[in-house]
Every structure is written in structure tokens, then in C-alpha cells.
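Raw contents of query_31.pdb, PDB, C-alpha atoms, pLDDT in the B column:
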ATOM      1  CA  MET A 269      19.330   3.504 -74.737  1.00 41.00           C
ATOM      2  CA  SER A 270      16.963   3.127 -71.792  1.00 45.00           C
ATOM      3  CA  SER A 271      18.015   4.852 -68.577  1.00 45.00           C
ATOM      4  CA  ASN A 272      17.815   1.521 -66.711  1.00 52.00           C
ATOM      5  CA  SER A 273      19.471  -0.647 -69.360  1.00 51.00           C
ATOM      6  CA  TRP A 274      22.171  -1.533 -66.805  1.00 55.00           C
ATOM      7  CA  GLY A 275      19.574  -3.738 -65.094  1.00 56.00           C
ATOM      8  CA  SER A 276      18.115  -5.258 -68.242  1.00 63.00           C
ATOM      9  CA  GLY A 277      17.617  -9.004 -67.901  1.00 79.00           C
ATOM     10  CA  LEU A 278      18.239  -9.101 -64.158  1.00 86.00           C
ATOM     11  CA  SER A 279      15.833 -10.802 -61.745  1.00 88.00           C
ATOM     12  CA  ARG A 280      15.811 -11.994 -58.125  1.00 85.00           C
ATOM     13  CA  ARG A 281      17.692 -15.064 -59.354  1.00 84.00           C
ATOM     14  CA  HIS A 282      20.683 -12.813 -60.012  1.00 91.00           C
ATOM     15  CA  GLY A 283      20.851 -11.706 -56.383  1.00 92.00           C
ATOM     16  CA  PHE A 284      22.086 -13.045 -53.056  1.00 92.00           C
ATOM     17  CA  LYS A 285      22.271 -11.776 -49.494  1.00 91.00           C
ATOM     18  CA  CYS A 286      24.541 -12.199 -46.509  1.00 91.00           C
ATOM     19  CA  ILE A 287      24.516 -10.927 -42.927  1.00 89.00           C
ATOM     20  CA  PRO A 288      28.118 -10.190 -41.921  1.00 91.00           C
ATOM     21  CA  ASP A 289      29.323  -8.628 -38.669  1.00 90.00           C
ATOM     22  CA  ASP A 290      28.434  -4.995 -38.019  1.00 89.00           C
ATOM     23  CA  ASN A 291      32.008  -3.881 -38.696  1.00 91.00           C
ATOM     24  CA  VAL A 292      31.846  -5.240 -42.267  1.00 93.00           C
ATOM     25  CA  SER A 293      30.958  -2.668 -44.924  1.00 94.00           C
ATOM     26  CA  ILE A 294      29.312  -3.154 -48.305  1.00 95.00           C
ATOM     27  CA  GLU A 295      32.683  -2.465 -49.904  1.00 96.00           C
ATOM     28  CA  ASP A 296      34.271  -5.256 -47.831  1.00 96.00           C
ATOM     29  CA  VAL A 297      31.629  -7.681 -49.140  1.00 96.00           C
ATOM     30  CA  LEU A 298      32.068  -6.549 -52.747  1.00 96.00           C
ATOM     31  CA  LEU A 299      35.848  -6.950 -52.554  1.00 96.00           C
ATOM     32  CA  ALA A 300      35.409 -10.500 -51.234  1.00 95.00           C
ATOM     33  CA  VAL A 301      32.897 -11.299 -53.980  1.00 96.00           C
ATOM     34  CA  GLY A 302      35.061  -9.794 -56.716  1.00 95.00           C
ATOM     35  CA  GLU A 303      38.120 -11.713 -55.573  1.00 94.00           C
ATOM     36  CA  ASN A 304      36.090 -14.897 -56.011  1.00 90.00           C
ATOM     37  CA  ILE A 305      34.192 -14.358 -59.287  1.00 94.00           C
ATOM     38  CA  GLY A 306      35.657 -11.183 -60.818  1.00 95.00           C
ATOM     39  CA  TYR A 307      34.833  -7.584 -59.963  1.00 95.00           C
ATOM     40  CA  SER A 308      33.272  -6.819 -63.369  1.00 95.00           C
ATOM     41  CA  ASN A 309      30.506  -9.367 -62.728  1.00 95.00           C
ATOM     42  CA  ILE A 310      29.066  -7.302 -59.850  1.00 96.00           C
ATOM     43  CA  LYS A 311      26.135  -5.131 -60.967  1.00 95.00           C
ATOM     44  CA  SER A 312      24.694  -3.481 -57.846  1.00 94.00           C
ATOM     45  CA  ALA A 313      24.549  -3.738 -54.075  1.00 95.00           C
ATOM     46  CA  SER A 314      22.799  -2.232 -51.071  1.00 95.00           C
ATOM     47  CA  ARG A 315      22.309  -2.748 -47.352  1.00 93.00           C
ATOM     48  CA  MET A 316      18.749  -3.836 -46.524  1.00 89.00           C
ATOM     49  CA  ASN A 317      18.047  -4.027 -42.801  1.00 81.00           C
ATOM     50  CA  LYS A 318      20.892  -6.166 -41.412  1.00 83.00           C
ATOM     51  CA  ALA A 319      21.579  -7.927 -44.724  1.00 90.00           C
ATOM     52  CA  ILE A 320      23.805  -6.857 -47.606  1.00 95.00           C
ATOM     53  CA  VAL A 321      22.192  -7.653 -50.969  1.00 95.00           C
ATOM     54  CA  VAL A 322      24.315  -8.023 -54.116  1.00 96.00           C
ATOM     55  CA  PHE A 323      23.275  -8.557 -57.745  1.00 95.00           C
ATOM     56  CA  LEU A 324      25.538 -10.224 -60.316  1.00 95.00           C
ATOM     57  CA  ASN A 325      25.261 -10.457 -64.085  1.00 93.00           C
ATOM     58  CA  ASP A 326      25.166 -14.286 -64.163  1.00 91.00           C
ATOM     59  CA  GLU A 327      22.951 -16.722 -62.252  1.00 89.00           C
ATOM     60  CA  GLN A 328      25.640 -19.409 -62.273  1.00 89.00           C
ATOM     61  CA  LEU A 329      28.040 -17.059 -60.509  1.00 93.00           C
ATOM     62  CA  VAL A 330      25.391 -16.397 -57.862  1.00 91.00           C
ATOM     63  CA  HIS A 331      25.100 -20.140 -57.182  1.00 86.00           C
ATOM     64  CA  ARG A 332      28.880 -20.379 -56.990  1.00 89.00           C
ATOM     65  CA  VAL A 333      29.066 -17.628 -54.348  1.00 91.00           C
ATOM     66  CA  VAL A 334      26.234 -19.244 -52.361  1.00 85.00           C
ATOM     67  CA  VAL A 335      27.896 -22.663 -52.353  1.00 82.00           C
ATOM     68  CA  GLU A 336      31.413 -21.404 -51.559  1.00 86.00           C
ATOM     69  CA  GLY A 337      30.449 -18.612 -49.160  1.00 88.00           C
ATOM     70  CA  LEU A 338      32.651 -15.596 -48.472  1.00 92.00           C
ATOM     71  CA  THR A 339      35.672 -15.001 -46.265  1.00 91.00           C
ATOM     72  CA  ILE A 340      35.645 -11.441 -44.978  1.00 93.00           C
ATOM     73  CA  LYS A 341      38.225 -10.172 -42.490  1.00 90.00           C
ATOM     74  CA  GLU A 342      39.364 -13.764 -41.895  1.00 87.00           C
ATOM     75  CA  LYS A 343      35.840 -14.872 -40.971  1.00 88.00           C
ATOM     76  CA  PHE A 344      33.546 -17.127 -43.022  1.00 87.00           C
ATOM     77  CA  VAL A 345      30.197 -15.571 -43.982  1.00 89.00           C
ATOM     78  CA  SER A 346      27.269 -17.657 -45.253  1.00 83.00           C
ATOM     79  CA  VAL A 347      25.448 -16.528 -48.389  1.00 87.00           C
ATOM     80  CA  LEU A 348      21.783 -17.106 -49.288  1.00 83.00           C
ATOM     81  CA  LEU A 349      19.889 -16.834 -52.570  1.00 80.00           C
ATOM     82  CA  LEU A 350      17.074 -14.325 -52.838  1.00 80.00           C
ATOM     83  CA  SER A 351      14.808 -16.636 -54.827  1.00 65.00           C
ATOM     84  CA  SER A 352      15.472 -20.376 -54.761  1.00 59.00           C
ATOM     85  CA  PRO A 353      14.927 -22.281 -51.481  1.00 65.00           C
ATOM     86  CA  ILE A 354      18.527 -23.369 -51.018  1.00 69.00           C
ATOM     87  CA  THR A 355      19.919 -23.802 -47.535  1.00 75.00           C
ATOM     88  CA  LYS A 356      23.119 -24.933 -45.893  1.00 80.00           C
ATOM     89  CA  VAL A 357      22.844 -28.193 -43.931  1.00 86.00           C
ATOM     90  CA  ILE A 358      25.170 -28.863 -41.010  1.00 89.00           C
ATOM     91  CA  LEU A 359      25.896 -32.515 -40.192  1.00 92.00           C
ATOM     92  CA  SER A 360      26.969 -32.840 -36.552  1.00 92.00           C
ATOM     93  CA  ASN A 361      28.459 -35.649 -34.494  1.00 91.00           C
ATOM     94  CA  VAL A 362      30.086 -37.257 -37.556  1.00 93.00           C
ATOM     95  CA  PRO A 363      33.279 -39.191 -36.763  1.00 93.00           C
ATOM     96  CA  PRO A 364      35.820 -39.239 -39.616  1.00 94.00           C
ATOM     97  CA  PHE A 365      35.240 -42.898 -40.479  1.00 93.00           C
ATOM     98  CA  ILE A 366      31.647 -42.307 -41.666  1.00 94.00           C
ATOM     99  CA  GLU A 367      31.835 -41.860 -45.430  1.00 93.00           C
ATOM    100  CA  ASN A 368      30.292 -38.891 -47.226  1.00 93.00           C
ATOM    101  CA  GLU A 369      28.540 -41.268 -49.617  1.00 92.00           C
ATOM    102  CA  LYS A 370      26.443 -42.675 -46.772  1.00 92.00           C
ATOM    103  CA  LEU A 371      25.468 -39.218 -45.580  1.00 92.00           C
ATOM    104  CA  ALA A 372      24.629 -38.050 -49.100  1.00 91.00           C
ATOM    105  CA  ARG A 373      22.461 -41.106 -49.669  1.00 89.00           C
ATOM    106  CA  GLU A 374      20.404 -40.334 -46.559  1.00 88.00           C
ATOM    107  CA  LEU A 375      20.026 -36.642 -47.377  1.00 84.00           C
ATOM    108  CA  ALA A 376      19.053 -37.396 -50.976  1.00 83.00           C
ATOM    109  CA  ARG A 377      16.031 -39.353 -49.761  1.00 77.00           C
ATOM    110  CA  PHE A 378      14.113 -36.154 -49.080  1.00 67.00           C
ATOM    111  CA  ARG A 379      16.318 -33.268 -50.277  1.00 71.00           C
ATOM    112  CA  LYS A 380      18.306 -32.641 -53.460  1.00 76.00           C
ATOM    113  CA  LEU A 381      22.001 -31.997 -52.814  1.00 80.00           C
ATOM    114  CA  ILE A 382      23.536 -29.246 -54.945  1.00 75.00           C
ATOM    115  CA  SER A 383      27.075 -29.356 -53.553  1.00 78.00           C
ATOM    116  CA  PRO A 384      29.503 -31.960 -52.195  1.00 85.00           C
ATOM    117  CA  ILE A 385      29.644 -32.666 -48.470  1.00 91.00           C
ATOM    118  CA  LYS A 386      32.704 -30.914 -47.023  1.00 91.00           C
ATOM    119  CA  PRO A 387      34.380 -31.069 -43.595  1.00 93.00           C
ATOM    120  CA  ILE A 388      34.371 -28.081 -41.240  1.00 92.00           C
ATOM    121  CA  LEU A 389      37.553 -26.990 -39.499  1.00 90.00           C
ATOM    122  CA  LEU A 390      37.663 -27.243 -35.725  1.00 91.00           C
ATOM    123  CA  GLY A 391      38.590 -23.569 -35.533  1.00 89.00           C
ATOM    124  CA  CYS A 392      41.932 -23.738 -33.720  1.00 91.00           C
ATOM    125  CA  LYS A 393      43.922 -20.498 -33.795  1.00 90.00           C
ATOM    126  CA  HIS A 394      47.445 -21.911 -33.412  1.00 93.00           C
ATOM    127  CA  PRO A 395      49.039 -22.405 -36.863  1.00 92.00           C
ATOM    128  CA  GLU A 396      50.306 -25.883 -35.954  1.00 95.00           C
ATOM    129  CA  VAL A 397      46.756 -27.225 -35.435  1.00 94.00           C
ATOM    130  CA  LYS A 398      44.642 -24.963 -37.674  1.00 91.00           C
ATOM    131  CA  HIS A 399      44.265 -27.888 -40.095  1.00 93.00           C
ATOM    132  CA  VAL A 400      42.434 -30.118 -37.576  1.00 95.00           C
ATOM    133  CA  LEU A 401      38.866 -30.918 -38.615  1.00 94.00           C
ATOM    134  CA  SER A 402      35.816 -30.988 -36.378  1.00 94.00           C
ATOM    135  CA  PHE A 403      33.167 -33.734 -36.257  1.00 93.00           C
ATOM    136  CA  ARG A 404      30.914 -31.497 -38.357  1.00 93.00           C
ATOM    137  CA  ARG A 405      30.402 -31.332 -42.114  1.00 94.00           C
ATOM    138  CA  GLN A 406      28.321 -29.145 -44.401  1.00 90.00           C
ATOM    139  CA  THR A 407      26.518 -29.227 -47.720  1.00 87.00           C
ATOM    140  CA  PHE A 408      23.840 -27.265 -49.593  1.00 80.00           C
ATOM    141  CA  VAL A 409      20.431 -28.690 -50.475  1.00 81.00           C
ATOM    142  CA  LEU A 410      17.436 -27.570 -52.505  1.00 75.00           C
ATOM    143  CA  LEU A 411      14.290 -27.443 -50.369  1.00 69.00           C
ATOM    144  CA  ASN A 412      10.852 -28.308 -51.682  1.00 62.00           C
ATOM    145  CA  ASP A 413       9.347 -25.698 -49.367  1.00 60.00           C
ATOM    146  CA  PRO A 414      11.306 -22.464 -48.781  1.00 55.00           C
ATOM    147  CA  ASN A 415       9.678 -22.129 -45.338  1.00 58.00           C
ATOM    148  CA  SER A 416      10.721 -25.573 -44.116  1.00 63.00           C
ATOM    149  CA  ALA A 417      13.642 -26.388 -41.868  1.00 67.00           C
ATOM    150  CA  ILE A 418      15.673 -29.572 -41.596  1.00 74.00           C
ATOM    151  CA  ASP A 419      15.838 -31.442 -38.284  1.00 77.00           C
ATOM    152  CA  VAL A 420      16.740 -35.112 -38.732  1.00 84.00           C
ATOM    153  CA  LEU A 421      18.958 -37.784 -37.245  1.00 86.00           C
ATOM    154  CA  TRP A 422      20.254 -41.132 -38.429  1.00 89.00           C
ATOM    155  CA  SER A 423      21.874 -44.073 -36.710  1.00 91.00           C
ATOM    156  CA  PHE A 424      24.870 -45.616 -38.471  1.00 91.00           C
ATOM    157  CA  ASN A 425      26.125 -49.004 -37.332  1.00 91.00           C
ATOM    158  CA  ILE A 426      29.933 -49.156 -37.475  1.00 90.00           C
ATOM    159  CA  ASP A 427      31.618 -52.329 -36.191  1.00 90.00           C
ATOM    160  CA  GLY A 428      28.619 -53.172 -34.030  1.00 91.00           C
ATOM    161  CA  VAL A 429      28.282 -49.690 -32.508  1.00 91.00           C
ATOM    162  CA  ASN A 430      25.508 -47.244 -33.407  1.00 91.00           C
ATOM    163  CA  TYR A 431      26.554 -43.627 -34.040  1.00 92.00           C
ATOM    164  CA  THR A 432      23.849 -40.959 -34.148  1.00 92.00           C
ATOM    165  CA  VAL A 433      24.372 -38.221 -36.733  1.00 92.00           C
ATOM    166  CA  PHE A 434      22.355 -34.996 -36.583  1.00 89.00           C
ATOM    167  CA  ALA A 435      21.412 -32.943 -39.675  1.00 88.00           C
ATOM    168  CA  SER A 436      19.984 -29.442 -39.411  1.00 84.00           C
ATOM    169  CA  ASN A 437      20.076 -26.169 -41.272  1.00 76.00           C
ATOM    170  CA  GLU A 438      21.490 -22.960 -39.833  1.00 59.00           C
ATOM    171  CA  LEU A 439      18.435 -22.186 -37.744  1.00 51.00           C
ATOM    172  CA  MET A 440      19.490 -21.579 -34.139  1.00 46.00           C
ATOM    173  CA  LYS A 441      17.929 -24.281 -31.984  1.00 55.00           C
ATOM    174  CA  CYS A 442      18.031 -25.293 -28.331  1.00 61.00           C
ATOM    175  CA  PHE A 443      19.054 -28.897 -27.659  1.00 60.00           C
ATOM    176  CA  GLN A 444      17.494 -28.706 -24.178  1.00 66.00           C
ATOM    177  CA  CYS A 445      13.851 -28.069 -25.110  1.00 70.00           C
ATOM    178  CA  GLY A 446      14.005 -28.376 -28.915  1.00 64.00           C
ATOM    179  CA  LYS A 447      12.624 -24.873 -29.496  1.00 59.00           C
ATOM    180  CA  GLN A 448      14.117 -22.295 -31.839  1.00 50.00           C
ATOM    181  CA  GLY A 449      15.537 -18.897 -31.006  1.00 43.00           C
ATOM    182  CA  HIS A 450      17.905 -19.620 -28.099  1.00 46.00           C
ATOM    183  CA  LEU A 451      20.743 -21.929 -27.064  1.00 48.00           C
ATOM    184  CA  ARG A 452      20.776 -24.593 -24.362  1.00 57.00           C
ATOM    185  CA  LYS A 453      22.723 -22.576 -21.802  1.00 53.00           C
ATOM    186  CA  PHE A 454      20.023 -19.886 -21.923  1.00 52.00           C
ATOM    187  CA  CYS A 455      17.088 -22.320 -21.803  1.00 64.00           C
ATOM    188  CA  LEU A 456      14.537 -21.814 -19.024  1.00 63.00           C
ATOM    189  CA  ASP A 457      13.162 -25.338 -19.439  1.00 66.00           C
ATOM    190  CA  LYS A 458      15.322 -27.526 -17.168  1.00 60.00           C
ATOM    191  CA  THR A 459      13.137 -30.606 -17.667  1.00 58.00           C
ATOM    192  CA  GLY A 460      14.446 -31.343 -21.167  1.00 50.00           C
ATOM    193  CA  ASP A 461      16.478 -34.474 -21.695  1.00 47.00           C
ATOM    194  CA  ARG A 462      18.155 -33.816 -25.035  1.00 43.00           C
ATOM    195  CA  GLU A 463      21.907 -34.282 -25.443  1.00 41.00           C
ATOM    196  CA  GLY A 464      23.725 -31.091 -26.304  1.00 39.00           C
ATOM    197  CA  GLY A 465      26.657 -28.856 -25.551  1.00 38.00           C
ATOM    198  CA  ASP A 466      26.640 -25.330 -24.283  1.00 38.00           C
ATOM    199  CA  ASN A 467      26.826 -24.008 -27.814  1.00 40.00           C
ATOM    200  CA  GLY A 468      23.518 -25.596 -28.784  1.00 39.00           C
ATOM    201  CA  GLU A 469      25.062 -28.500 -30.642  1.00 43.00           C
ATOM    202  CA  PRO A 470      25.333 -32.198 -29.853  1.00 44.00           C
ATOM    203  CA  SER A 471      28.287 -32.665 -27.506  1.00 41.00           C
ATOM    204  CA  GLY A 472      30.816 -35.218 -28.720  1.00 43.00           C
ATOM    205  CA  VAL A 473      30.229 -38.432 -30.593  1.00 49.00           C
ATOM    206  CA  VAL A 474      27.071 -40.151 -29.473  1.00 52.00           C
ATOM    207  CA  ALA A 475      27.506 -43.912 -29.578  1.00 51.00           C
ATOM    208  CA  THR A 476      24.290 -45.675 -28.659  1.00 48.00           C
ATOM    209  CA  GLY A 477      25.761 -48.994 -27.653  1.00 43.00           C
ATOM    210  CA  SER A 478      27.325 -52.122 -29.079  1.00 35.00           C
ATOM    211  CA  ARG A 479      24.062 -53.963 -29.594  1.00 33.00           C
ATOM    212  CA  LYS A 480      23.211 -55.186 -33.069  1.00 34.00           C
ATOM    213  CA  ALA A 481      21.140 -52.645 -34.968  1.00 34.00           C
ATOM    214  CA  ASN A 482      20.127 -51.678 -38.472  1.00 36.00           C
ATOM    215  CA  THR A 483      22.234 -49.216 -40.407  1.00 38.00           C
ATOM    216  CA  ALA A 484      20.784 -45.854 -41.332  1.00 42.00           C
ATOM    217  CA  GLU A 485      20.151 -47.174 -44.842  1.00 37.00           C
ATOM    218  CA  GLU A 486      17.984 -49.957 -43.460  1.00 35.00           C
ATOM    219  CA  SER A 487      16.159 -48.184 -40.642  1.00 35.00           C
ATOM    220  CA  GLY A 488      15.841 -44.660 -42.015  1.00 35.00           C
ATOM    221  CA  THR A 489      15.725 -43.175 -38.511  1.00 36.00           C
ATOM    222  CA  TYR A 490      14.014 -39.811 -38.950  1.00 34.00           C
ATOM    223  CA  THR A 491      12.633 -37.202 -36.576  1.00 35.00           C
ATOM    224  CA  GLY A 492      10.620 -35.162 -39.018  1.00 34.00           C
ATOM    225  CA  ILE A 493      10.766 -31.715 -40.556  1.00 32.00           C
ATOM    226  CA  ALA A 494      10.348 -28.610 -38.471  1.00 31.00           C
ATOM    227  CA  SER A 495       8.893 -25.422 -39.939  1.00 29.00           C
ATOM    228  CA  GLU A 496       9.054 -21.642 -39.568  1.00 28.00           C
ATOM    229  CA  GLN A 497      12.461 -21.099 -41.091  1.00 30.00           C
ATOM    230  CA  SER A 498      12.961 -17.531 -42.252  1.00 29.00           C
ATOM    231  CA  VAL A 499      15.251 -17.195 -45.230  1.00 27.00           C
TER     232      VAL A 499
END
Just give me the structure of the file as C-alpha cells.
Amino acid sequence: MSSNSWGSGLSRRHGFKCIPDDNVSIEDVLLAVGENIGYSNIKSASRMNKAIVVFLNDEQLVHRVVVEGLTIKEKFVSVLLLSSPITKVILSNVPPFIENEKLARELARFRKLISPIKPILLGCKHPEVKHVLSFRRQTFVLLNDPNSAIDVLWSFNIDGVNYTVFASNELMKCFQCGKQGHLRKFCLDKTGDREGGDNGEPSGVVATGSRKANTAEESGTYTGIASEQSV
């Protein structure tokens, strides 16, 4: 038997990476992974720079971990593939009455969805309100270009009022100047006129008026695709 037979048949497609908090060890990550897909399916792991890289014995299990993410020390940790250009998309400023089907239809125009659109909790700590959802949702899409980033918006007309929905991947972006790498409250450009909260996200539901307007399906409002995403 070959000395490296344990790795026979493995490729980059069998691996994923995550960047948890500094106080999270490799063992913490492996325990979270094993609880999800079975400990025997984990083949190897190592810390590489700030990321923790894990290899599994089945590609389908890797996709499952990427889509579901990990919960480590009561905190959600995003997971990325090593090979395929899959990224998480965050849909912001989405009131609960906008249906997932409409959002999926818009995303599918230029990106292939590989998971259902799911709501994101508001993040309340008190047990009585921990169930309350935010106006944000998430999904995973397959990118045509692994170096591309998503930065789009749509206008949905609901009962004569236009609601602007923002879609972006997890790239940190300033809603003051539109540049990447910092948040609005740290922006040195005070001339920007983009709506956003202090956390770098759109603040509240943006309703653009009660005038008659096309739905997102009809108008296809689109701001383009930014680049220079590092995955």
C-alpha cells in the first residue's frame, strides 16, 4: 500500500476553508464539521494563514458544509470552497412581503442559484425575541468568474410603492463612497450620497415613492458587476 494512500482520489474539490475568530481552534472547527456530516468523513485539516482548511472524503459533503455553514461557539461561520467559484449573496432591505420567488428569478438572470433563499435572524440576544427575522436574506450562487463580485439592486413595485432591494456578496463595502475595504463610518469621502447605515449596509427599507413604476421583472434595474473579489 502506498504511503499516501489516505489521500488517494482527493482533489481541491474535496476541500473547503473558513476564517473563524482567533479564539477558535482547528479542533473546534472539526468538531462542528463532524457534528454536521459525521466525524469519519473528515480526512485532514490545517491552518493556512488566517484560514482553516479541511478536506473531506466526499465532494457532496463539502457542498453541504459550504451551503449550511458552521456554528462554532454559538457564532455562525461562513465556509468557502477551495475550487469552484461559489459565493454567498446577501439580499438587504427586503421587507417580509417580497416573495423569495421574485428574488430568485432576478438572481437567476445572471447567476446560478445552488441553494434556497433563507431569512437571516435579526440577532437579538433575549430569548423572547431571538426568533425575530431581519430584512436580510441569503443564498449561494455559482459565479461565472471566480474573481467577480456581485453588486446589484432591483426595484420591486408593491401596491404602488417601489422598494429597492440590494444584492451583494460578502465583500466589505462602503455605502458612502462605494469603495471596498472599509465601512461608511470610517469613510474619508464625505461627498458621497449613497444611503447606508453605520454598519455599511442599507439603513431600513428604502421606498422610492408611490408613483407608478415597472416591477423588477419588467425593468431589470441593475448597477453592474464589480470586480477584485478575493476568495
Practice problem: Can you work out which one of A:Asn304, A:Thr432, A:Asn309, A:Gln328 has the shortest atom-to-atom distance to Leu349 in chain A, counting only C-alpha atoms? | Solution: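 Going through A:Asn304, A:Thr432, A:Asn309, A:Gln328 one by one, the smallest distance to Leu349 in chain A is for A:Gln328.
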Quiz item: Can you list, as a PyMOL selection string, every protein, DNA or RNA residue that comes within 9 Å of Val297 in chain A when you count all atoms listed in the file, leaving out same-chain residues fewer than 2 positions away?
Solution: chain A and resi 286+288+292-295+299-302+320+322+338-340
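Atom pair CA of Lys318 in chain A / CA of Thr407 in chain A: separated by 24.6 Å.
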Quiz item: Which value, in Å to one decimal, gives the distance between CA of Ser383 in chain A and CA of Ser360 in chain A?
Solution: 17.4 Å
Quiz item: Using all atoms listed in the file, which residue out of A:Val347, A:Leu359, A:Met316, A:Leu381 lies closest to Phe434 in chain A?
Solution: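 Closest to Phe434 in chain A, using all atoms listed in the file: A:Leu359.
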Exercise. Find the residue from A:Lys380, A:Arg280, A:His399, A:Lys356 that sits nearest to Asp326 in chain A; use all atoms listed in the file when measuring.
Key: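 Looking at the shortest contact to Asp326 in chain A, the residue is A:Arg280.
Residue nearest Phe408 in chain A within the list A:Leu390, A:Ile426, A:Leu375, A:Val335: A:Val335 [criterion: smallest interatomic distance, all atoms listed in the file].
Distances from A:Val409, A:Val400, A:Glu336, A:Leu348 to Ala376 in chain A were compared using all atoms listed in the file, and the smallest one belongs to A:Val409.
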Practice problem: Just give me the gap between CA of Ile385 in chain A and CA of Asp419 in chain A in Å, one decimal is fine. | Solution: 17.2 Å
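In terms of minimum interatomic distance to Lys285 in chain A, A:Arg315 ranks closest within A:Arg377, A:Arg315, A:Lys386, A:Lys341, counting all atoms listed in the file.
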